[in-house]
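Novice: Got a structure for you, run_29.tsv, holding TSV, C-alpha atoms.
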```tsv
chain	number	residue	atom	x	y	z
A	1	MET	CA	-176.90	146.35	185.24
A	2	SER	CA	-176.99	143.98	188.16
A	3	ARG	CA	-175.76	144.99	191.59
A	4	VAL	CA	-173.21	143.15	193.65
A	5	SER	CA	-173.94	142.88	197.36
A	6	ALA	CA	-171.47	144.66	199.58
A	7	GLU	CA	-169.21	142.24	201.42
A	8	PRO	CA	-168.53	142.46	205.16
A	9	THR	CA	-164.95	143.54	204.42
A	10	SER	CA	-166.21	146.73	202.74
A	11	VAL	CA	-166.27	148.57	206.09
A	12	GLY	CA	-162.66	147.66	206.79
A	13	TYR	CA	-161.61	148.70	203.30
A	14	CYS	CA	-163.40	152.03	203.73
A	15	LEU	CA	-161.56	152.58	206.99
A	16	ARG	CA	-158.25	152.01	205.22
A	17	ILE	CA	-159.28	154.44	202.45
A	18	THR	CA	-160.22	157.09	205.02
A	19	VAL	CA	-157.01	156.80	207.05
A	20	PHE	CA	-154.73	156.61	204.01
A	21	LEU	CA	-156.29	159.53	202.16
A	22	SER	CA	-156.58	161.67	205.29
A	23	ILE	CA	-152.84	161.36	205.84
A	24	ILE	CA	-151.99	162.04	202.18
A	25	TYR	CA	-154.30	165.05	201.99
A	26	PHE	CA	-153.21	166.53	205.32
A	27	PHE	CA	-149.48	166.41	204.58
A	28	SER	CA	-149.75	167.70	201.02
A	29	GLY	CA	-150.19	171.28	199.89
A	30	PHE	CA	-149.86	174.31	202.15
A	31	LEU	CA	-150.72	174.74	205.82
A	32	SER	CA	-151.68	178.41	205.49
A	33	PRO	CA	-155.45	178.52	204.89
A	34	TYR	CA	-157.06	180.07	201.85
A	35	ARG	CA	-158.99	183.27	202.51
A	36	ASP	CA	-162.25	181.39	201.89
A	37	ALA	CA	-161.29	178.92	204.63
A	38	GLU	CA	-160.29	181.47	207.27
A	39	ILE	CA	-163.83	182.76	207.66
A	40	HIS	CA	-165.18	179.34	208.68
A	41	ALA	CA	-162.60	179.24	211.48
A	42	VAL	CA	-163.65	182.73	212.55
A	43	VAL	CA	-167.33	181.77	212.75
A	44	ALA	CA	-166.58	178.46	214.49
A	45	ASN	CA	-164.59	180.22	217.21
A	46	ASN	CA	-167.30	182.85	217.50
A	47	ILE	CA	-169.90	180.13	218.10
A	48	LEU	CA	-167.67	178.47	220.70
A	49	ASP	CA	-167.47	181.85	222.46
A	50	ARG	CA	-171.31	181.83	222.51
A	51	GLN	CA	-171.59	184.83	220.20
A	52	GLY	CA	-173.53	183.12	217.43
A	53	LEU	CA	-173.10	183.10	213.68
A	54	SER	CA	-172.59	186.87	213.36
A	55	PHE	CA	-169.42	188.51	214.61
A	56	ALA	CA	-167.81	191.88	215.23
A	57	SER	CA	-165.25	193.24	212.79
A	58	ASP	CA	-162.38	192.65	215.23
A	59	ARG	CA	-162.89	188.90	214.72
A	60	ALA	CA	-161.79	189.18	211.10
A	61	PRO	CA	-159.88	192.44	210.60
A	62	ASP	CA	-158.07	191.04	207.58
A	63	SER	CA	-161.44	190.85	205.80
A	64	PHE	CA	-161.53	194.65	205.63
A	65	SER	CA	-159.48	197.28	203.85
A	66	TRP	CA	-157.68	199.68	206.22
A	67	THR	CA	-156.23	203.14	205.68
A	68	LEU	CA	-153.53	204.71	207.85
A	69	ARG	CA	-153.74	208.50	208.00
A	70	SER	CA	-150.86	210.78	208.91
A	71	GLY	CA	-151.59	214.45	208.37
A	72	ASP	CA	-152.58	214.87	204.73
A	73	ARG	CA	-151.14	211.52	203.74
A	74	GLU	CA	-153.02	208.23	203.52
A	75	ALA	CA	-151.71	204.73	202.90
A	76	PRO	CA	-153.44	201.33	202.69
A	77	VAL	CA	-152.27	198.82	205.32
A	78	ASP	CA	-153.00	195.21	206.18
A	79	VAL	CA	-154.37	194.49	209.65
A	80	GLN	CA	-154.19	190.84	210.71
A	81	ALA	CA	-155.26	191.24	214.33
A	82	ILE	CA	-156.55	193.92	216.67
A	83	ASP	CA	-154.03	194.40	219.48
A	84	PRO	CA	-153.79	197.35	221.92
A	85	SER	CA	-151.60	199.38	219.57
A	86	ILE	CA	-154.01	198.89	216.67
A	87	SER	CA	-156.96	199.74	218.92
A	88	ALA	CA	-155.24	202.99	219.91
A	89	LEU	CA	-154.78	203.96	216.26
A	90	ILE	CA	-158.45	203.20	215.53
A	91	THR	CA	-159.60	205.22	218.55
A	92	SER	CA	-157.46	208.19	217.55
A	93	GLY	CA	-158.82	208.09	214.00
A	94	GLU	CA	-155.42	207.45	212.45
A	95	LEU	CA	-156.43	203.96	211.31
A	96	VAL	CA	-159.74	203.81	209.43
A	97	GLN	CA	-161.67	200.69	208.59
A	98	GLY	CA	-162.83	200.48	204.97
A	99	LYS	CA	-165.03	198.17	202.96
A	100	PRO	CA	-165.17	194.41	203.61
A	101	ASP	CA	-164.14	191.87	201.00
A	102	TYR	CA	-166.51	189.36	199.42
A	103	LEU	CA	-166.19	186.87	202.30
A	104	ILE	CA	-168.47	188.71	204.70
A	105	GLN	CA	-171.71	190.66	204.58
A	106	PRO	CA	-173.29	193.16	207.01
A	107	THR	CA	-176.23	191.96	209.09
A	108	ILE	CA	-179.25	193.92	210.31
A	109	ALA	CA	-177.45	194.35	213.66
A	110	THR	CA	-175.13	197.37	213.61
A	111	GLY	CA	-171.47	196.40	213.71
A	112	ARG	CA	-172.18	192.69	213.19
A	113	TRP	CA	-171.07	190.71	210.16
A	114	ALA	CA	-171.85	187.28	208.73
A	115	ASN	CA	-170.13	184.77	206.49
A	116	THR	CA	-171.13	185.14	202.85
A	117	PHE	CA	-171.09	181.37	202.50
A	118	LEU	CA	-173.51	178.89	204.06
A	119	PRO	CA	-172.64	177.61	207.57
A	120	GLY	CA	-172.57	173.88	206.82
A	121	PRO	CA	-168.75	173.62	206.68
A	122	THR	CA	-168.50	175.64	209.91
A	123	PHE	CA	-170.70	173.16	211.77
A	124	TRP	CA	-168.80	170.22	210.28
A	125	GLY	CA	-165.58	171.61	211.73
A	126	LEU	CA	-167.08	172.89	214.99
A	127	PRO	CA	-166.36	169.81	217.19
A	128	PHE	CA	-162.78	169.71	215.95
A	129	PHE	CA	-162.24	173.40	216.68
A	130	ALA	CA	-163.66	172.82	220.18
A	131	ILE	CA	-161.15	170.02	220.80
A	132	GLY	CA	-158.34	172.14	219.36
A	133	ARG	CA	-159.16	175.01	221.71
A	134	MET	CA	-159.08	172.67	224.70
A	135	LEU	CA	-155.63	171.37	223.73
A	136	THR	CA	-154.05	174.64	222.57
A	137	PRO	CA	-153.08	177.77	224.53
A	138	PRO	CA	-154.79	180.98	223.30
A	139	GLU	CA	-151.57	182.44	221.93
A	140	GLN	CA	-151.40	179.55	219.42
A	141	ASN	CA	-154.96	179.94	218.13
A	142	ALA	CA	-153.81	180.90	214.63
A	143	LEU	CA	-151.78	177.70	214.30
A	144	MET	CA	-154.64	175.65	215.77
A	145	ASN	CA	-157.12	177.16	213.31
A	146	ALA	CA	-154.83	176.31	210.39
A	147	LEU	CA	-154.24	172.72	211.56
A	148	VAL	CA	-157.88	172.03	212.37
A	149	GLY	CA	-159.09	173.63	209.14
A	150	LYS	CA	-156.73	171.52	207.05
A	151	GLY	CA	-157.40	168.37	209.08
A	152	THR	CA	-161.18	168.60	208.88
A	153	ALA	CA	-161.06	169.22	205.14
A	154	ALA	CA	-158.72	166.26	204.63
A	155	LEU	CA	-160.99	164.02	206.70
A	156	ALA	CA	-164.16	165.11	204.88
A	157	ALA	CA	-162.56	164.57	201.47
A	158	ALA	CA	-161.28	161.14	202.52
A	159	LEU	CA	-164.69	160.13	203.86
A	160	SER	CA	-166.31	161.28	200.62
A	161	ALA	CA	-164.05	158.86	198.74
A	162	ALA	CA	-164.95	156.07	201.18
A	163	PHE	CA	-168.69	156.60	200.67
A	164	LEU	CA	-168.18	156.77	196.91
A	165	TYR	CA	-166.42	153.41	197.13
A	166	LEU	CA	-169.36	151.90	199.04
A	167	SER	CA	-171.82	153.12	196.41
A	168	LEU	CA	-169.73	151.92	193.49
A	169	ARG	CA	-169.14	148.58	195.17
A	170	LEU	CA	-172.88	148.00	195.23
A	171	LEU	CA	-173.00	148.67	191.49
A	172	TYR	CA	-169.72	147.33	190.08
A	173	GLY	CA	-168.05	145.24	192.76
A	174	HIS	CA	-164.77	145.79	194.58
A	175	ARG	CA	-162.41	145.91	191.59
A	176	GLY	CA	-164.41	148.43	189.56
A	177	ALA	CA	-165.10	150.60	192.60
A	178	LYS	CA	-161.46	150.65	193.63
A	179	GLY	CA	-160.29	151.93	190.25
A	180	ILE	CA	-162.88	154.69	190.00
A	181	VAL	CA	-162.25	155.86	193.57
A	182	PHE	CA	-158.51	156.01	192.87
A	183	CYS	CA	-159.21	158.36	189.95
A	184	TYR	CA	-161.62	160.40	192.11
A	185	ALA	CA	-159.15	160.72	195.01
A	186	PHE	CA	-156.02	161.58	193.03
A	187	GLY	CA	-157.15	162.66	189.56
A	188	THR	CA	-159.62	165.42	190.40
A	189	CYS	CA	-159.66	168.68	192.34
A	190	VAL	CA	-160.69	166.69	195.43
A	191	TRP	CA	-156.96	166.46	196.16
A	192	SER	CA	-155.81	169.84	194.88
A	193	VAL	CA	-158.64	171.99	196.28
A	194	ALA	CA	-161.33	170.31	198.37
A	195	SER	CA	-159.02	168.45	200.74
A	196	GLN	CA	-156.68	171.35	201.43
A	197	HIS	CA	-158.67	173.61	203.75
A	198	LEU	CA	-162.12	173.93	205.32
A	199	MET	CA	-164.25	175.46	202.62
A	200	SER	CA	-167.60	174.33	201.24
A	201	HIS	CA	-166.05	171.76	198.89
A	202	ALA	CA	-165.05	168.80	201.06
A	203	PRO	CA	-168.04	168.69	203.47
A	204	ASN	CA	-170.35	169.12	200.49
A	205	LEU	CA	-168.77	166.14	198.70
A	206	LEU	CA	-168.95	164.10	201.89
A	207	PHE	CA	-172.68	164.64	202.39
A	208	LEU	CA	-173.48	164.20	198.69
A	209	ASN	CA	-171.63	160.88	198.47
A	210	ALA	CA	-172.95	159.65	201.80
A	211	GLY	CA	-176.45	160.53	200.61
A	212	ILE	CA	-175.94	158.62	197.36
A	213	TYR	CA	-174.91	155.52	199.32
A	214	ALA	CA	-177.90	155.89	201.64
A	215	TYR	CA	-180.14	156.27	198.58
A	216	LEU	CA	-178.85	153.03	197.07
A	217	LYS	CA	-179.34	151.25	200.39
A	218	SER	CA	-182.84	152.72	200.71
A	219	GLN	CA	-183.92	150.43	197.88
A	220	GLU	CA	-183.39	147.59	200.35
A	221	GLN	CA	-184.10	149.38	203.65
A	222	ILE	CA	-186.88	151.94	203.56
A	223	ARG	CA	-185.66	153.53	206.81
A	224	ALA	CA	-182.56	154.70	204.97
A	225	SER	CA	-184.78	157.13	203.03
A	226	VAL	CA	-184.91	159.42	206.06
A	227	LEU	CA	-181.13	159.43	206.20
A	228	VAL	CA	-180.98	160.34	202.51
A	229	GLY	CA	-182.96	163.51	203.16
A	230	ILE	CA	-180.82	164.47	206.15
A	231	LEU	CA	-177.52	163.93	204.33
A	232	TRP	CA	-178.55	165.73	201.16
A	233	GLY	CA	-180.02	168.53	203.25
A	234	CYS	CA	-176.61	168.91	204.90
A	235	ALA	CA	-175.02	169.01	201.42
A	236	VAL	CA	-177.29	171.89	200.43
A	237	TRP	CA	-176.42	173.62	203.71
A	238	CYS	CA	-172.77	173.46	202.62
A	239	ARG	CA	-173.34	174.52	199.02
A	240	ALA	CA	-176.74	175.68	197.83
A	241	THR	CA	-176.15	174.65	194.21
A	242	SER	CA	-176.17	171.03	195.39
A	243	ALA	CA	-179.95	171.27	195.22
A	244	LEU	CA	-179.64	171.20	191.42
A	245	VAL	CA	-177.80	167.86	191.59
A	246	ILE	CA	-180.15	166.36	194.16
A	247	VAL	CA	-183.34	167.35	192.35
```
If you took the structure in this file and wrote it as structure tokens, what would it be?
Specialist:
Amino acid sequence: MSRVSAEPTSVGYCLRITVFLSIIYFFSGFLSPYRDAEIHAVVANNILDRQGLSFASDRAPDSFSWTLRSGDREAPVDVQAIDPSISALITSGELVQGKPDYLIQPTIATGRWANTFLPGPTFWGLPFFAIGRMLTPPEQNALMNALVGKGTAALAAALSAAFLYLSLRLLYGHRGAKGIVFCYAFGTCVWSVASQHLMSHAPNLLFLNAGIYAYLKSQEQIRASVLVGILWGCAVWCRATSALVIV
């Protein structure tokens, strides 16, 4: 099948795809992040506080089970944040931290925890979280985390569609590429899942599709081969099973 050379207007069309889809994705669905997305915000903020990829349990108290003790009675409770009153209950032994959920794992350092998932999505969102922290007072961090998490996922999903368009345009021309990208953007879980919050899905799709476009261009420009490795490496850093697709 013969390839059709990308026209100069392809960049402008990709920009329109990115802006349009970013808006659609951001304003659809729910603002409250999924549990899988919350942990990337936790790690991003931990990095910005210069505490690295591992974090103390008070960074993500809702990732643990908690038991409130009163005499001989015990009751499970949800703890969303550690404030002075919660700290007092923990110190007195009335509130006991239990097992973590599947989102986090213990590290070799006592009292330090790490994200179960790979850190690629965290680093994708890191610059945006840094900007959000500069523009938002500390008491609104929860809202900022939700907005930035949703916005970065929407942007990554939209960019993945733009790079898919560029690849398909090389193969099938503008009309064929436009139809397939429309189905990809609105007829798959890219819209319903990947674009909704910062998890592994959207950044992974972005780097996979960007790598595919770089691979197609590498047939013409050998220097693009280096970029292929970098982009697909980032995809694996977001989701390890991407290695099966790449290989």
Novice: Under the rule that all atoms listed in the file are counted, which of A:Ser218, A:Asn115, A:Ser65, A:Ser160 is the nearest residue to Val77 (chain A)?
Specialist: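 Using all atoms listed in the file, the shortest distance to Val77 (chain A) belongs to A:Ser65.
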Novice: Applying 7 Å and only C-alpha atoms, which residues near region 233-242 of chain A remain after dropping the ones on its own chain fewer than 6 positions away? List them as a list in words.
Specialist: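 Skipping anything fewer than 6 positions along the chain leaves Leu118, Pro119, Gly120, Pro121, Ser200, Pro203, Asn204, Phe207 and Leu208 of chain A.
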Novice: Using only C-alpha atoms, find the one residue out of A:Thr188, A:Asn45, A:Gln80, A:Ser10 that sits nearest to Asp58 (chain A).
Specialist: A:Gln80
Novice: May I ask for the distance between CA of Gly132 (chain A) and CA of Leu227 (chain A), given in Å to one decimal place?
Specialist: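 According to the coordinates, CA of Gly132 (chain A) and CA of Leu227 (chain A) are separated by 29.2 Å.
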Novice: Considering only C-alpha atoms, return as a list in words whatever protein or nucleic-acid residues lie within 12 Å of Ile47 (chain A), sequence-local ones (same chain, fewer than 4 positions apart) excluded.
Specialist: His40, Ala41, Val42, Val43, Gln51, Gly52, Leu53, Ser54, Phe55, Arg59, Ala114, Pro119, Thr122, Phe123, Gly125, Leu126, Pro127, Phe129 and Ala130 of chain A
Novice: Identify the residues around (-160.8, 169.8, 203.8) within a radius of 9 Å, measuring from only C-alpha atoms in the coordinates stated by the file, and give them as JSON, numbers by chain.
Specialist: {"A": [25, 26, 149, 150, 151, 152, 153, 154, 155, 156, 157, 158, 190, 193, 194, 195, 196, 197, 198, 199, 200, 201, 202, 203]}
Novice: Write the residues you've just listed into a file as a PDB file, in the coordinates of the input, and include C-alpha atoms for each of them.
Specialist:
```
ATOM      1  CA  TYR A  25    -154.300 165.050 201.990  1.00  0.00           C
ATOM      2  CA  PHE A  26    -153.210 166.530 205.320  1.00  0.00           C
ATOM      3  CA  GLY A 149    -159.090 173.630 209.140  1.00  0.00           C
ATOM      4  CA  LYS A 150    -156.730 171.520 207.050  1.00  0.00           C
ATOM      5  CA  GLY A 151    -157.400 168.370 209.080  1.00  0.00           C
ATOM      6  CA  THR A 152    -161.180 168.600 208.880  1.00  0.00           C
ATOM      7  CA  ALA A 153    -161.060 169.220 205.140  1.00  0.00           C
ATOM      8  CA  ALA A 154    -158.720 166.260 204.630  1.00  0.00           C
ATOM      9  CA  LEU A 155    -160.990 164.020 206.700  1.00  0.00           C
ATOM     10  CA  ALA A 156    -164.160 165.110 204.880  1.00  0.00           C
ATOM     11  CA  ALA A 157    -162.560 164.570 201.470  1.00  0.00           C
ATOM     12  CA  ALA A 158    -161.280 161.140 202.520  1.00  0.00           C
ATOM     13  CA  VAL A 190    -160.690 166.690 195.430  1.00  0.00           C
ATOM     14  CA  VAL A 193    -158.640 171.990 196.280  1.00  0.00           C
ATOM     15  CA  ALA A 194    -161.330 170.310 198.370  1.00  0.00           C
ATOM     16  CA  SER A 195    -159.020 168.450 200.740  1.00  0.00           C
ATOM     17  CA  GLN A 196    -156.680 171.350 201.430  1.00  0.00           C
ATOM     18  CA  HIS A 197    -158.670 173.610 203.750  1.00  0.00           C
ATOM     19  CA  LEU A 198    -162.120 173.930 205.320  1.00  0.00           C
ATOM     20  CA  MET A 199    -164.250 175.460 202.620  1.00  0.00           C
ATOM     21  CA  SER A 200    -167.600 174.330 201.240  1.00  0.00           C
ATOM     22  CA  HIS A 201    -166.050 171.760 198.890  1.00  0.00           C
ATOM     23  CA  ALA A 202    -165.050 168.800 201.060  1.00  0.00           C
ATOM     24  CA  PRO A 203    -168.040 168.690 203.470  1.00  0.00           C
TER      25      PRO A 203
END
```
Novice: Please measure the separation of CA of Thr67 (chain A) and CA of Ala142 (chain A), giving the value in Å to one decimal.
Specialist: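 So the two atoms, CA of Thr67 (chain A) and CA of Ala142 (chain A), lie 24.1 Å apart.
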Novice: Distance CA of Asp101 (chain A)-CA of Arg35 (chain A), one decimal place?
Specialist: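 Those two atoms sit 10.1 Å apart.
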Novice: Determine, counting all atoms listed in the file, which protein, DNA and RNA residues have an atom within 12 Å of an atom of Phe182 (chain A); residues of the same chain fewer than 3 positions away are not included. Present the result as a ChimeraX atom specification.
Specialist: /A:17,20-21,158,161-162,164-165,168,175-179,185-188,190-191
Novice: Pick out the residues sitting within 10 Å of Thr116 (chain A), and hand them over as a PyMOL selection string; count all atoms listed in the file, and ignore anything fewer than 3 positions along from it in its own chain.
Specialist: chain A and resi 36+39+101-106+113+119
Novice: Taking only C-alpha atoms into account, which of A:Ala37, A:Val245, A:Met144, A:Ile82 comes nearest Phe117 (chain A)?
Specialist: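 Of A:Ala37, A:Val245, A:Met144, A:Ile82, the one nearest Phe117 (chain A), counting only C-alpha atoms, is A:Ala37.
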Novice: Smallest atom-to-atom distance to Leu143 (chain A): which of A:Thr107, A:Ser22, A:Gln221, A:Ser32, using only C-alpha atoms?
Specialist: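 Of all the options, A:Ser32 lies closest to Leu143 (chain A).
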Novice: Taking all atoms listed in the file into account, which of A:Gly12, A:Thr91, A:Lys99, A:Ala214 comes nearest Val226 (chain A)?
Specialist: A:Ala214
Novice: Mind rebuilding region 124-153 of chain A with N, CA and C atoms and writing that out as an mmCIF file, keeping the file's coordinate frame?
Specialist:
```cif
data_model
loop_
_atom_site.group_PDB
_atom_site.id
_atom_site.type_symbol
_atom_site.label_atom_id
_atom_site.label_comp_id
_atom_site.auth_asym_id
_atom_site.auth_seq_id
_atom_site.Cartn_x
_atom_site.Cartn_y
_atom_site.Cartn_z
ATOM 1 N N TRP A 124 -169.586 171.442 210.445
ATOM 2 C CA TRP A 124 -168.800 170.220 210.280
ATOM 3 C C TRP A 124 -167.497 170.315 211.082
ATOM 4 N N GLY A 125 -166.855 171.463 211.032
ATOM 5 C CA GLY A 125 -165.580 171.610 211.730
ATOM 6 C C GLY A 125 -165.703 171.983 213.194
ATOM 7 N N LEU A 126 -166.902 172.359 213.639
ATOM 8 C CA LEU A 126 -167.080 172.890 214.990
ATOM 9 C C LEU A 126 -166.558 171.962 216.102
ATOM 10 N N PRO A 127 -166.883 170.662 216.112
ATOM 11 C CA PRO A 127 -166.360 169.810 217.190
ATOM 12 C C PRO A 127 -164.838 169.743 217.213
ATOM 13 N N PHE A 128 -164.240 169.787 216.039
ATOM 14 C CA PHE A 128 -162.780 169.710 215.950
ATOM 15 C C PHE A 128 -162.126 170.999 216.446
ATOM 16 N N PHE A 129 -162.745 172.129 216.148
ATOM 17 C CA PHE A 129 -162.240 173.400 216.680
ATOM 18 C C PHE A 129 -162.383 173.431 218.207
ATOM 19 N N ALA A 130 -163.471 172.868 218.724
ATOM 20 C CA ALA A 130 -163.660 172.820 220.180
ATOM 21 C C ALA A 130 -162.567 171.998 220.840
ATOM 22 N N ILE A 131 -162.234 170.856 220.256
ATOM 23 C CA ILE A 131 -161.150 170.020 220.800
ATOM 24 C C ILE A 131 -159.817 170.750 220.690
ATOM 25 N N GLY A 132 -159.586 171.401 219.546
ATOM 26 C CA GLY A 132 -158.340 172.140 219.360
ATOM 27 C C GLY A 132 -158.162 173.243 220.379
ATOM 28 N N ARG A 133 -159.235 173.940 220.712
ATOM 29 C CA ARG A 133 -159.160 175.010 221.710
ATOM 30 C C ARG A 133 -158.850 174.464 223.098
ATOM 31 N N MET A 134 -159.350 173.274 223.396
ATOM 32 C CA MET A 134 -159.080 172.670 224.700
ATOM 33 C C MET A 134 -157.618 172.244 224.836
ATOM 34 N N LEU A 135 -156.995 171.909 223.709
ATOM 35 C CA LEU A 135 -155.630 171.370 223.730
ATOM 36 C C LEU A 135 -154.568 172.418 223.418
ATOM 37 N N THR A 136 -154.995 173.627 223.038
ATOM 38 C CA THR A 136 -154.050 174.640 222.570
ATOM 39 C C THR A 136 -154.155 175.904 223.392
ATOM 40 N N PRO A 137 -153.024 176.487 223.818
ATOM 41 C CA PRO A 137 -153.080 177.770 224.530
ATOM 42 C C PRO A 137 -153.562 178.874 223.602
ATOM 43 N N PRO A 138 -154.214 179.913 224.142
ATOM 44 C CA PRO A 138 -154.790 180.980 223.300
ATOM 45 C C PRO A 138 -153.793 181.641 222.361
ATOM 46 N N GLU A 139 -152.544 181.752 222.781
ATOM 47 C CA GLU A 139 -151.570 182.440 221.930
ATOM 48 C C GLU A 139 -151.231 181.637 220.667
ATOM 49 N N GLN A 140 -151.656 180.372 220.599
ATOM 50 C CA GLN A 140 -151.400 179.550 219.420
ATOM 51 C C GLN A 140 -152.681 179.279 218.623
ATOM 52 N N ASN A 141 -153.673 180.132 218.805
ATOM 53 C CA ASN A 141 -154.960 179.940 218.130
ATOM 54 C C ASN A 141 -154.825 179.957 216.606
ATOM 55 N N ALA A 142 -153.969 180.807 216.087
ATOM 56 C CA ALA A 142 -153.810 180.900 214.630
ATOM 57 C C ALA A 142 -153.309 179.579 214.060
ATOM 58 N N LEU A 143 -152.311 178.996 214.738
ATOM 59 C CA LEU A 143 -151.780 177.700 214.300
ATOM 60 C C LEU A 143 -152.850 176.621 214.442
ATOM 61 N N MET A 144 -153.582 176.638 215.558
ATOM 62 C CA MET A 144 -154.640 175.650 215.770
ATOM 63 C C MET A 144 -155.697 175.751 214.688
ATOM 64 N N ASN A 145 -156.111 176.971 214.344
ATOM 65 C CA ASN A 145 -157.120 177.160 213.310
ATOM 66 C C ASN A 145 -156.650 176.592 211.971
ATOM 67 N N ALA A 146 -155.371 176.812 211.652
ATOM 68 C CA ALA A 146 -154.830 176.310 210.390
ATOM 69 C C ALA A 146 -154.791 174.781 210.381
ATOM 70 N N LEU A 147 -154.338 174.181 211.481
ATOM 71 C CA LEU A 147 -154.240 172.720 211.560
ATOM 72 C C LEU A 147 -155.619 172.067 211.537
ATOM 73 N N VAL A 148 -156.536 172.612 212.317
ATOM 74 C CA VAL A 148 -157.880 172.030 212.370
ATOM 75 C C VAL A 148 -158.597 172.219 211.035
ATOM 76 N N GLY A 149 -158.454 173.400 210.426
ATOM 77 C CA GLY A 149 -159.090 173.630 209.140
ATOM 78 C C GLY A 149 -158.599 172.669 208.073
ATOM 79 N N LYS A 150 -157.295 172.448 208.037
ATOM 80 C CA LYS A 150 -156.730 171.520 207.050
ATOM 81 C C LYS A 150 -157.116 170.082 207.376
ATOM 82 N N GLY A 151 -157.077 169.733 208.674
ATOM 83 C CA GLY A 151 -157.400 168.370 209.080
ATOM 84 C C GLY A 151 -158.849 167.993 208.813
ATOM 85 N N THR A 152 -159.771 168.903 209.103
ATOM 86 C CA THR A 152 -161.180 168.600 208.880
ATOM 87 C C THR A 152 -161.517 168.499 207.396
ATOM 88 N N ALA A 153 -160.851 169.311 206.587
ATOM 89 C CA ALA A 153 -161.060 169.220 205.140
ATOM 90 C C ALA A 153 -160.514 167.905 204.605
#
```
